[in-house]
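Novice: To be precise about what I am sending: the file is called model22.cif and holds mmCIF, C-alpha atoms.
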data_work
loop_
_atom_site.label_atom_id
_atom_site.label_comp_id
_atom_site.auth_asym_id
_atom_site.auth_seq_id
_atom_site.Cartn_x
_atom_site.Cartn_y
_atom_site.Cartn_z
CA MET A 1 0.00 0.00 0.00
CA THR A 2 1.31 3.43 -0.88
CA THR A 3 1.54 5.95 1.91
CA THR A 4 0.71 9.00 -0.21
CA SER A 5 -2.62 10.10 -1.56
CA THR A 6 -1.82 13.73 -2.34
CA PRO A 7 1.39 15.67 -2.88
CA ALA A 8 3.08 16.77 0.31
CA ARG A 9 2.45 20.31 1.41
CA ALA A 10 5.29 22.56 2.34
CA PRO A 11 6.40 22.14 5.95
CA SER A 12 5.97 25.90 6.41
CA THR A 13 2.21 25.46 6.03
CA ILE A 14 1.55 21.94 7.28
CA ARG A 15 3.51 22.17 10.54
CA PRO A 16 1.54 25.16 11.88
CA LEU A 17 -1.67 23.39 10.86
CA ALA A 18 -0.50 20.28 12.73
CA VAL A 19 0.09 22.43 15.83
CA VAL A 20 -3.43 23.89 15.54
CA GLY A 21 -4.89 20.42 15.03
CA LEU A 22 -3.05 19.02 18.06
CA VAL A 23 -4.27 21.82 20.29
CA LEU A 24 -7.89 21.76 19.09
CA VAL A 25 -8.35 18.02 19.37
CA ALA A 26 -6.54 17.90 22.73
CA ILE A 27 -8.98 20.46 24.13
CA ASN A 28 -11.74 17.94 23.41
CA LEU A 29 -10.17 14.87 25.01
CA ARG A 30 -11.72 15.40 28.46
CA PRO A 31 -14.90 17.58 28.42
CA ALA A 32 -17.00 14.50 27.64
CA VAL A 33 -16.00 13.27 31.11
CA THR A 34 -15.26 16.39 33.15
CA SER A 35 -18.48 18.16 32.18
CA LEU A 36 -20.43 15.22 33.59
CA GLY A 37 -19.03 15.10 37.13
CA PRO A 38 -20.42 18.46 38.37
CA VAL A 39 -23.95 17.57 37.19
CA LEU A 40 -23.80 13.84 37.91
CA ALA A 41 -26.37 14.13 40.70
CA GLU A 42 -28.83 15.81 38.30
CA VAL A 43 -28.11 13.25 35.56
CA ARG A 44 -28.69 10.39 38.01
CA ALA A 45 -31.96 11.93 39.13
CA GLY A 46 -33.11 12.59 35.57
CA LEU A 47 -32.30 9.09 34.34
CA GLY A 48 -33.00 7.14 37.53
CA MET A 49 -29.37 6.00 37.72
CA SER A 50 -28.07 4.11 40.76
CA ALA A 51 -24.68 4.74 42.37
CA ALA A 52 -23.40 1.42 41.02
CA VAL A 53 -24.41 2.37 37.46
CA ALA A 54 -22.85 5.80 37.99
CA GLY A 55 -19.66 3.98 38.95
CA LEU A 56 -19.92 2.05 35.69
CA LEU A 57 -20.33 5.36 33.87
CA THR A 58 -17.10 6.65 35.40
CA SER A 59 -15.35 3.43 34.30
CA LEU A 60 -16.75 3.60 30.77
CA PRO A 61 -13.91 5.83 29.52
CA ALA A 62 -11.36 3.21 30.54
CA VAL A 63 -13.33 0.42 28.86
CA CYS A 64 -13.69 2.33 25.59
CA PHE A 65 -10.10 3.51 25.60
CA ALA A 66 -8.87 -0.06 26.18
CA LEU A 67 -11.01 -1.73 23.52
CA VAL A 68 -11.01 0.96 20.83
CA GLY A 69 -7.52 2.32 21.44
CA SER A 70 -5.95 -1.03 20.59
CA THR A 71 -7.32 -0.75 17.03
CA ALA A 72 -5.75 2.67 16.38
CA PRO A 73 -2.40 1.49 14.88
CA LEU A 74 -4.18 -0.88 12.47
CA LEU A 75 -6.61 1.83 11.40
CA ALA A 76 -3.75 4.31 11.01
CA ARG A 77 -1.90 1.97 8.66
CA ARG A 78 -5.02 1.90 6.49
CA TRP A 79 -6.25 5.50 6.72
CA GLY A 80 -3.30 7.47 8.14
CA THR A 81 -3.07 9.06 11.55
CA GLY A 82 -4.83 12.23 10.40
CA GLY A 83 -7.72 10.32 8.87
CA VAL A 84 -8.31 8.23 11.98
CA ILE A 85 -8.20 11.28 14.25
CA ALA A 86 -10.71 13.00 11.95
CA LEU A 87 -12.95 9.95 12.23
CA GLY A 88 -12.60 9.95 16.01
CA THR A 89 -13.44 13.65 16.23
CA THR A 90 -16.60 13.08 14.20
CA ALA A 91 -17.70 10.27 16.53
CA LEU A 92 -16.96 12.46 19.53
CA ALA A 93 -19.05 15.39 18.28
CA LEU A 94 -21.96 13.14 17.34
CA GLY A 95 -21.98 11.32 20.67
CA LEU A 96 -21.82 14.54 22.68
CA ALA A 97 -24.61 16.14 20.66
CA VAL A 98 -27.09 13.27 21.03
CA ARG A 99 -26.38 11.69 24.45
CA PRO A 100 -28.00 14.39 26.64
CA PHE A 101 -31.33 13.70 24.97
CA ALA A 102 -31.17 9.94 25.44
CA GLY A 103 -34.38 8.43 26.69
CA GLY A 104 -32.82 6.28 29.42
CA THR A 105 -29.71 5.02 31.13
CA GLY A 106 -28.87 2.45 28.43
CA SER A 107 -28.91 4.90 25.53
CA PHE A 108 -27.04 7.50 27.59
CA LEU A 109 -24.29 4.94 28.23
CA ALA A 110 -24.21 3.88 24.56
CA LEU A 111 -23.88 7.43 23.23
CA THR A 112 -21.27 8.22 25.86
CA ALA A 113 -19.38 5.15 24.60
CA LEU A 114 -19.54 6.50 21.03
CA ALA A 115 -18.00 9.81 22.11
CA LEU A 116 -15.36 8.03 24.16
CA ALA A 117 -14.49 5.74 21.24
CA GLY A 118 -13.60 8.84 19.25
CA ILE A 119 -11.43 10.09 22.09
CA ALA A 120 -9.72 6.68 22.34
CA LEU A 121 -8.41 6.92 18.78
CA ALA A 122 -6.96 10.39 19.35
CA ASN A 123 -5.50 9.37 22.71
CA VAL A 124 -3.35 6.68 21.10
CA LEU A 125 -2.40 8.56 17.94
CA LEU A 126 -1.47 12.02 19.23
CA PRO A 127 1.93 10.78 20.56
CA VAL A 128 2.47 9.27 17.09
CA VAL A 129 1.65 12.59 15.41
CA VAL A 130 4.20 14.28 17.67
CA LYS A 131 6.86 11.69 16.82
CA GLN A 132 6.09 11.90 13.09
CA ARG A 133 5.82 15.65 12.62
CA PHE A 134 7.93 17.00 15.50
CA PRO A 135 10.66 14.40 16.18
CA ASP A 136 13.03 17.14 17.35
CA ARG A 137 10.52 18.61 19.85
CA VAL A 138 8.83 15.62 21.45
CA GLY A 139 8.82 16.99 25.01
CA ALA A 140 7.68 20.49 24.07
CA MET A 141 4.89 19.36 21.74
CA THR A 142 3.68 16.73 24.20
CA GLY A 143 3.61 19.47 26.81
CA LEU A 144 1.68 21.78 24.48
CA TYR A 145 -1.14 19.37 23.79
CA SER A 146 -1.17 18.30 27.45
CA VAL A 147 -1.74 21.96 28.32
CA ALA A 148 -4.64 22.09 25.86
CA LEU A 149 -6.03 18.86 27.27
CA ASN A 150 -6.00 20.21 30.81
CA LEU A 151 -7.43 23.54 29.69
CA GLY A 152 -10.36 21.76 28.07
CA ALA A 153 -10.86 19.56 31.11
CA SER A 154 -10.76 22.42 33.61
CA THR A 155 -12.99 24.69 31.53
CA ALA A 156 -15.66 22.03 31.15
CA ALA A 157 -15.56 21.27 34.88
CA ALA A 158 -15.71 24.92 35.89
CA ILE A 159 -18.40 26.33 33.61
CA THR A 160 -20.83 23.46 32.98
CA VAL A 161 -22.89 24.22 36.13
CA PRO A 162 -22.98 28.05 35.79
CA LEU A 163 -23.52 27.77 32.02
CA THR A 164 -26.41 25.38 32.58
CA ALA A 165 -27.96 27.76 35.11
CA ALA A 166 -27.37 31.03 33.23
CA ALA A 167 -27.92 30.09 29.60
CA PHE A 168 -30.11 26.99 29.66
CA GLY A 169 -32.50 27.54 32.55
CA GLY A 170 -30.93 24.84 34.68
CA ASP A 171 -31.43 22.08 32.07
CA TRP A 172 -28.36 19.85 32.37
CA ARG A 173 -29.05 18.36 28.93
CA TYR A 174 -28.09 21.55 27.11
CA GLY A 175 -25.22 22.14 29.53
CA LEU A 176 -23.71 18.81 28.43
CA GLY A 177 -24.69 19.08 24.76
CA VAL A 178 -22.91 22.39 24.16
CA TRP A 179 -19.55 20.58 24.23
CA ALA A 180 -20.40 18.96 20.90
CA VAL A 181 -19.92 22.37 19.28
CA VAL A 182 -16.39 22.59 20.67
CA ALA A 183 -15.61 19.14 19.27
CA ALA A 184 -16.93 20.10 15.84
CA ILE A 185 -14.55 23.08 15.70
CA ALA A 186 -11.58 20.68 15.83
CA LEU A 187 -12.68 18.67 12.79
CA PRO A 188 -11.71 20.88 9.79
CA SER A 189 -7.99 20.95 10.55
CA TRP A 190 -7.86 17.14 10.75
CA ILE A 191 -9.73 16.77 7.48
CA VAL A 192 -6.92 18.74 5.85
CA LEU A 193 -4.20 16.85 7.75
CA ALA A 194 -5.79 13.55 6.73
CA ARG A 195 -4.99 14.41 3.10
CA ASP A 196 -1.34 15.06 3.90
CA ARG A 197 -0.25 11.45 4.32
CA ALA A 198 3.08 12.02 2.57
CA ALA A 199 4.26 14.10 5.53
CA ALA A 200 3.05 11.50 8.02
CA PRO A 201 3.73 8.06 6.50
CA VAL A 202 2.28 4.79 7.72
CA PRO A 203 4.34 3.66 10.71
CA VAL A 204 6.84 0.91 9.87
CA THR A 205 9.97 -0.23 11.60
CA PRO A 206 13.36 0.87 10.19
CA SER A 207 13.72 -2.56 8.55
CA GLY A 208 10.44 -2.07 6.71
CA ALA A 209 8.48 -4.63 8.72
CA PRO A 210 5.10 -3.58 10.10
CA ALA A 211 5.25 -2.04 13.52
CA ALA A 212 2.76 -4.66 14.69
CA GLY A 213 5.59 -7.20 14.55
CA LEU A 214 7.05 -5.84 17.78
CA ARG A 215 6.58 -8.22 20.72
CA LEU A 216 5.84 -5.59 23.32
CA ARG A 217 4.45 -8.09 25.80
CA ARG A 218 7.99 -9.35 26.31
CA HIS A 219 9.39 -5.93 27.21
CA PRO A 220 9.48 -4.98 30.93
CA ILE A 221 9.50 -1.29 29.96
CA ALA A 222 6.26 -1.73 28.01
CA TRP A 223 4.61 -3.40 31.00
CA ALA A 224 5.91 -0.76 33.40
CA LEU A 225 4.42 1.94 31.18
CA ALA A 226 1.12 0.04 30.96
CA VAL A 227 0.87 -0.43 34.74
CA TYR A 228 1.81 3.19 35.40
CA PHE A 229 -0.71 4.33 32.81
CA GLY A 230 -3.40 2.10 34.32
CA LEU A 231 -2.91 3.28 37.89
CA GLN A 232 -2.77 6.96 36.98
CA SER A 233 -5.91 6.45 34.87
CA THR A 234 -7.64 4.84 37.84
CA ALA A 235 -6.85 7.90 39.94
CA ALA A 236 -7.81 10.31 37.17
CA TYR A 237 -11.23 8.79 36.50
CA VAL A 238 -12.05 8.43 40.18
CA ILE A 239 -11.23 12.13 40.59
CA MET A 240 -13.17 13.13 37.47
CA GLY A 241 -16.14 10.97 38.35
CA TRP A 242 -16.40 11.37 42.11
CA LEU A 243 -14.45 14.38 43.42
CA PRO A 244 -17.32 16.87 42.98
CA GLN A 245 -19.63 14.44 44.76
CA ILE A 246 -17.14 14.08 47.63
CA PHE A 247 -17.20 17.83 48.17
CA ARG A 248 -20.99 18.05 47.80
CA ASP A 249 -21.40 15.32 50.39
CA ALA A 250 -19.13 17.35 52.69
CA GLY A 251 -21.59 20.23 52.51
CA LEU A 252 -20.20 22.37 49.69
CA SER A 253 -22.44 23.70 46.92
CA ALA A 254 -22.51 22.22 43.42
CA ARG A 255 -20.95 25.40 42.00
CA THR A 256 -18.10 25.34 44.53
CA ALA A 257 -17.56 21.62 43.99
CA GLY A 258 -17.30 22.21 40.25
CA LEU A 259 -14.78 25.01 40.74
CA LEU A 260 -12.71 22.90 43.13
CA PHE A 261 -12.65 20.08 40.64
CA ALA A 262 -11.67 22.51 37.89
CA VAL A 263 -8.57 23.45 39.88
CA THR A 264 -7.24 19.89 39.61
CA ALA A 265 -7.29 20.23 35.82
CA LEU A 266 -6.40 23.94 35.69
CA LEU A 267 -3.12 23.31 37.47
CA GLY A 268 -2.19 21.04 34.62
CA VAL A 269 -2.19 23.96 32.18
CA PRO A 270 1.19 25.39 33.26
CA LEU A 271 2.49 22.23 34.93
CA SER A 272 1.94 19.91 31.96
CA PHE A 273 4.03 21.99 29.60
CA ALA A 274 6.82 22.55 32.11
CA LEU A 275 6.85 18.92 33.22
CA SER A 276 6.85 17.46 29.71
CA ALA A 277 9.57 19.84 28.56
CA LEU A 278 11.67 18.96 31.60
CA ALA A 279 11.03 15.23 31.34
CA GLY A 280 11.92 15.30 27.66
CA ARG A 281 15.39 16.61 28.55
CA LEU A 282 16.06 14.14 31.35
CA PRO A 283 17.57 10.72 30.63
CA ARG A 284 15.49 9.29 33.51
CA GLN A 285 12.02 10.27 34.68
CA SER A 286 11.85 7.95 37.71
CA GLY A 287 12.35 10.67 40.30
CA VAL A 288 9.62 12.81 38.78
CA ALA A 289 7.19 9.87 38.97
CA VAL A 290 7.93 9.39 42.68
CA LEU A 291 7.54 13.09 43.47
CA ILE A 292 4.18 13.25 41.71
CA GLY A 293 3.03 10.19 43.63
CA LEU A 294 3.87 11.80 46.97
CA PHE A 295 1.62 14.75 46.12
CA GLY A 296 -1.17 12.28 45.40
CA LEU A 297 -0.71 10.54 48.73
CA ALA A 298 -0.94 13.87 50.54
CA GLY A 299 -4.08 14.88 48.64
CA TYR A 300 -5.94 11.65 49.39
CA ALA A 301 -4.90 11.83 53.03
CA GLY A 302 -6.39 15.32 53.28
CA LEU A 303 -9.68 14.24 51.72
CA TRP A 304 -9.78 11.21 54.02
CA ALA A 305 -9.30 13.39 57.10
CA ASP A 306 -11.85 16.09 56.20
CA PRO A 307 -12.77 17.20 52.66
CA ALA A 308 -14.16 20.54 53.87
CA ALA A 309 -11.23 21.44 56.16
CA ALA A 310 -8.89 22.71 53.43
CA PRO A 311 -10.53 21.84 50.10
CA TRP A 312 -8.38 24.20 48.02
CA LEU A 313 -5.20 22.61 49.38
CA TRP A 314 -6.45 19.10 48.68
CA VAL A 315 -7.29 19.92 45.05
CA VAL A 316 -3.91 21.60 44.52
CA LEU A 317 -2.16 18.45 45.74
CA LEU A 318 -4.32 16.25 43.53
CA GLY A 319 -3.84 18.62 40.61
CA VAL A 320 -0.09 18.13 40.82
CA ALA A 321 -0.63 14.37 41.09
CA ASN A 322 -2.67 14.46 37.87
CA CYS A 323 0.49 15.50 36.03
CA SER A 324 1.28 11.79 35.89
CA PHE A 325 -0.70 11.81 32.63
CA PRO A 326 1.56 14.14 30.61
CA LEU A 327 4.53 12.42 32.23
CA VAL A 328 3.52 8.99 30.97
CA LEU A 329 2.75 10.37 27.49
CA THR A 330 6.25 11.84 27.38
CA MET A 331 7.78 8.59 28.57
CA ILE A 332 5.92 6.64 25.88
CA ALA A 333 7.32 8.92 23.18
CA LEU A 334 10.82 8.74 24.65
CA ARG A 335 10.91 4.97 25.16
CA GLY A 336 10.24 4.28 21.46
CA ARG A 337 13.11 4.72 19.00
CA ASP A 338 10.87 5.71 16.08
CA ALA A 339 7.27 6.55 15.15
CA ALA A 340 6.52 2.90 14.38
CA THR A 341 7.52 1.80 17.84
CA VAL A 342 5.77 4.73 19.50
CA SER A 343 2.55 3.82 17.65
CA ARG A 344 2.60 0.26 18.98
CA LEU A 345 3.88 1.25 22.42
CA SER A 346 1.23 3.94 22.80
CA ALA A 347 -1.53 1.48 21.84
CA PHE A 348 -0.19 -1.24 24.15
CA ALA A 349 0.43 1.00 27.17
CA GLN A 350 -2.85 2.88 26.84
CA SER A 351 -5.10 -0.06 25.97
CA THR A 352 -3.60 -2.35 28.61
CA GLY A 353 -3.46 0.48 31.12
CA TYR A 354 -7.05 1.55 30.60
CA LEU A 355 -8.16 -2.08 30.89
CA LEU A 356 -6.36 -2.32 34.24
CA SER A 357 -8.12 0.85 35.39
CA VAL A 358 -11.67 -0.33 34.66
CA PRO A 359 -12.47 -1.77 38.13
CA GLY A 360 -11.28 1.28 40.08
CA PRO A 361 -14.17 3.74 39.66
CA ILE A 362 -16.71 0.90 39.90
CA VAL A 363 -15.19 -0.36 43.16
CA VAL A 364 -15.16 3.18 44.54
CA GLY A 365 -18.84 3.62 43.67
CA VAL A 366 -19.80 0.27 45.21
CA LEU A 367 -17.80 0.94 48.39
CA TYR A 368 -19.42 4.35 48.75
CA ASP A 369 -22.87 2.91 48.09
CA HIS A 370 -22.45 0.21 50.75
CA THR A 371 -20.66 2.21 53.44
CA GLY A 372 -22.22 5.64 52.95
CA SER A 373 -18.77 7.14 53.52
CA TRP A 374 -15.83 8.18 51.39
CA ARG A 375 -13.16 7.06 53.88
CA ILE A 376 -12.67 3.49 52.66
CA PRO A 377 -12.65 4.47 48.94
CA LEU A 378 -10.12 7.25 49.65
CA ALA A 379 -7.93 4.89 51.67
CA LEU A 380 -7.94 2.51 48.70
CA MET A 381 -6.85 5.29 46.35
CA ALA A 382 -4.00 6.25 48.68
CA VAL A 383 -2.78 2.65 48.79
CA LEU A 384 -2.77 2.44 44.98
CA MET A 385 -0.35 5.35 44.78
CA VAL A 386 2.44 3.07 46.06
CA PRO A 387 2.49 0.61 43.12
CA GLN A 388 1.98 3.57 40.80
CA MET A 389 5.22 5.11 42.03
CA ALA A 390 7.00 1.77 41.72
CA ALA A 391 5.85 1.36 38.11
CA GLY A 392 6.93 4.94 37.40
CA VAL A 393 10.42 4.19 38.66
CA LEU A 394 10.72 1.25 36.24
CA ALA A 395 9.11 3.07 33.29
CA GLY A 396 11.33 6.12 33.80
CA ARG A 397 14.63 4.29 33.32
CA ASP A 398 16.88 5.32 30.44
CA ARG A 399 15.89 2.50 28.10
CA GLN A 400 14.36 2.32 24.62
CA ILE A 401 12.35 -0.22 22.61
CA GLY A 402 12.69 -0.75 18.88
#
Write the structure described by the file as structure tokens, please.
Specialist:
Amino acid sequence: MTTTSTPARAPSTIRPLAVVGLVLVAINLRPAVTSLGPVLAEVRAGLGMSAAVAGLLTSLPAVCFALVGSTAPLLARRWGTGGVIALGTTALALGLAVRPFAGGTGSFLALTALALAGIALANVLLPVVVKQRFPDRVGAMTGLYSVALNLGASTAAAITVPLTAAAFGGDWRYGLGVWAVVAAIALPSWIVLARDRAAAPVPVTPSGAPAAGLRLRRHPIAWALAVYFGLQSTAAYVIMGWLPQIFRDAGLSARTAGLLFAVTALLGVPLSFALSALAGRLPRQSGVAVLIGLFGLAGYAGLWADPAAAPWLWVVLLGVANCSFPLVLTMIALRGRDAATVSRLSAFAQSTGYLLSVPGPIVVGVLYDHTGSWRIPLALMAVLMVPQMAAGVLAGRDRQIG
């Protein structure tokens, strides 16, 4: 199969477009999830959703990312990275536009899954785009789209409740549906980039063999990245799914809970860029992984003691801990010698990692439902930070695959 469908555009035009495309699609990688948390109580009431099903809803991103993300390298070899990301963006916009008006819990879950499937494709392929189009600036470009990702996440968390109240008369359906418009804005740039396959060839190994030939399951580094990715995803989706509810149960208002949650993502805006740029220059990232984990331990301990005692401090600590996401994306790009390896490594680490993270939010929801308290779920999350740090130490070693 040829890797070109149109003549290559000049780098002076296509590289800026690739930057725009990275930023726009990254902005849309989290609002589907973070816009839901602040209004989860209203969604549950409107759809008659139990706490256990709500826990399943918070685990749905991990399920979709694991199952759909694993197909991304195969699809990219057929349609190109740009084409697959354009397809994913279309699915995302459609799912977000229709799901708020679902007639019941089942259809709401199905349409959420459609939106998340689109995100899954972009999740896996954005590190590949960075390696293909910006091989000399991996850390900086990973940091840039991590900043955009956190900006989108924090904005959705912060304004969904006030936007719903001010512009939509308190109807949560329109408050969630408006994010489909933001997703649609990202689509045109990827339609253009999808036609530029000469500048972003199908990933193959240096010997010419398909990247799929790599036996990643035999590489300790690949498993360390997958475990680290899985544990940080568990923490991220528990925070995205349940943190606003933790604060609301502690007596804070829905608006305040949404703002507090937004801080955890907003901190990632400056920290993600700085951390990725720094990590990209370091031969080892093990120490950074440990430091981030210690912030997480402190944040969970504070929530366990009293969520309302110092809520702004707890969310700052957890916001720093959330920087494990841009760190692992940077490590994935650094551990692969070429775009082919990064494509396979990204799919393996993310798909395996998300699969490992599936039980976490469900278990948290079940524990909360049965105990009526957040103490046992928060203790569990604190304990999980220890193996996360251990996996980060192994994944951060100065080794490469490929």
Novice: Would you work out the distance separating atom CA of Gly80 of chain A from atom CA of Gly21 of chain A, expressed in Å to one decimal?
Specialist: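 Atom CA of Gly80 of chain A sits 14.8 Å away from atom CA of Gly21 of chain A.
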Novice: As an exercise, work out the distance from atom CA of Gly299 of chain A to atom CA of Gly241 of chain A in Å and give it to one decimal place.
Specialist: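 Distance reported for this atom pair: 16.3 Å.
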Novice: So the first atom is atom CA of Phe229 of chain A and the second is atom CA of Gly353 of chain A; what is the distance between them in Å, to one decimal place?
Specialist: 5.0 Å
Novice: With distances taken over all atoms listed in the file, which of A:Ala305, A:Leu225, A:Leu278, A:Ala66 is nearest to Arg335 of chain A?
Specialist: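 Of A:Ala305, A:Leu225, A:Leu278, A:Ala66, the one nearest Arg335 of chain A, counting all atoms listed in the file, is A:Leu225.
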Novice: List the residues selected by the PyMOL selection byres ((chain A and resi 69) around 10) in the file shown, writing them as a PDB file with C-alpha atoms, keeping the file's coordinate frame.
Specialist:
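Writing the result to result_17.pdb gives the following:
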ATOM      1  CA  ALA A  62     -11.360   3.210  30.540  1.00  0.00           C
ATOM      2  CA  VAL A  63     -13.330   0.420  28.860  1.00  0.00           C
ATOM      3  CA  CYS A  64     -13.690   2.330  25.590  1.00  0.00           C
ATOM      4  CA  PHE A  65     -10.100   3.510  25.600  1.00  0.00           C
ATOM      5  CA  ALA A  66      -8.870  -0.060  26.180  1.00  0.00           C
ATOM      6  CA  LEU A  67     -11.010  -1.730  23.520  1.00  0.00           C
ATOM      7  CA  VAL A  68     -11.010   0.960  20.830  1.00  0.00           C
ATOM      8  CA  SER A  70      -5.950  -1.030  20.590  1.00  0.00           C
ATOM      9  CA  THR A  71      -7.320  -0.750  17.030  1.00  0.00           C
ATOM     10  CA  ALA A  72      -5.750   2.670  16.380  1.00  0.00           C
ATOM     11  CA  PRO A  73      -2.400   1.490  14.880  1.00  0.00           C
ATOM     12  CA  ALA A 117     -14.490   5.740  21.240  1.00  0.00           C
ATOM     13  CA  GLY A 118     -13.600   8.840  19.250  1.00  0.00           C
ATOM     14  CA  ILE A 119     -11.430  10.090  22.090  1.00  0.00           C
ATOM     15  CA  ALA A 120      -9.720   6.680  22.340  1.00  0.00           C
ATOM     16  CA  LEU A 121      -8.410   6.920  18.780  1.00  0.00           C
ATOM     17  CA  ALA A 122      -6.960  10.390  19.350  1.00  0.00           C
ATOM     18  CA  ASN A 123      -5.500   9.370  22.710  1.00  0.00           C
ATOM     19  CA  VAL A 124      -3.350   6.680  21.100  1.00  0.00           C
ATOM     20  CA  LEU A 125      -2.400   8.560  17.940  1.00  0.00           C
ATOM     21  CA  SER A 346       1.230   3.940  22.800  1.00  0.00           C
ATOM     22  CA  ALA A 347      -1.530   1.480  21.840  1.00  0.00           C
ATOM     23  CA  PHE A 348      -0.190  -1.240  24.150  1.00  0.00           C
ATOM     24  CA  ALA A 349       0.430   1.000  27.170  1.00  0.00           C
ATOM     25  CA  GLN A 350      -2.850   2.880  26.840  1.00  0.00           C
ATOM     26  CA  SER A 351      -5.100  -0.060  25.970  1.00  0.00           C
ATOM     27  CA  THR A 352      -3.600  -2.350  28.610  1.00  0.00           C
ATOM     28  CA  TYR A 354      -7.050   1.550  30.600  1.00  0.00           C
TER      29      TYR A 354
END
Novice: When distances are computed from only C-alpha atoms, which of A:Tyr368, A:Gln400, A:Asn150, A:Ala184 shows the smallest separation from Val320 of chain A?
Specialist: A:Asn150
Novice: Which one is closest to Val290 of chain A: A:Leu380, A:Leu176, A:Leu327, A:Ile191? Count all atoms listed in the file.
Specialist: A:Leu327
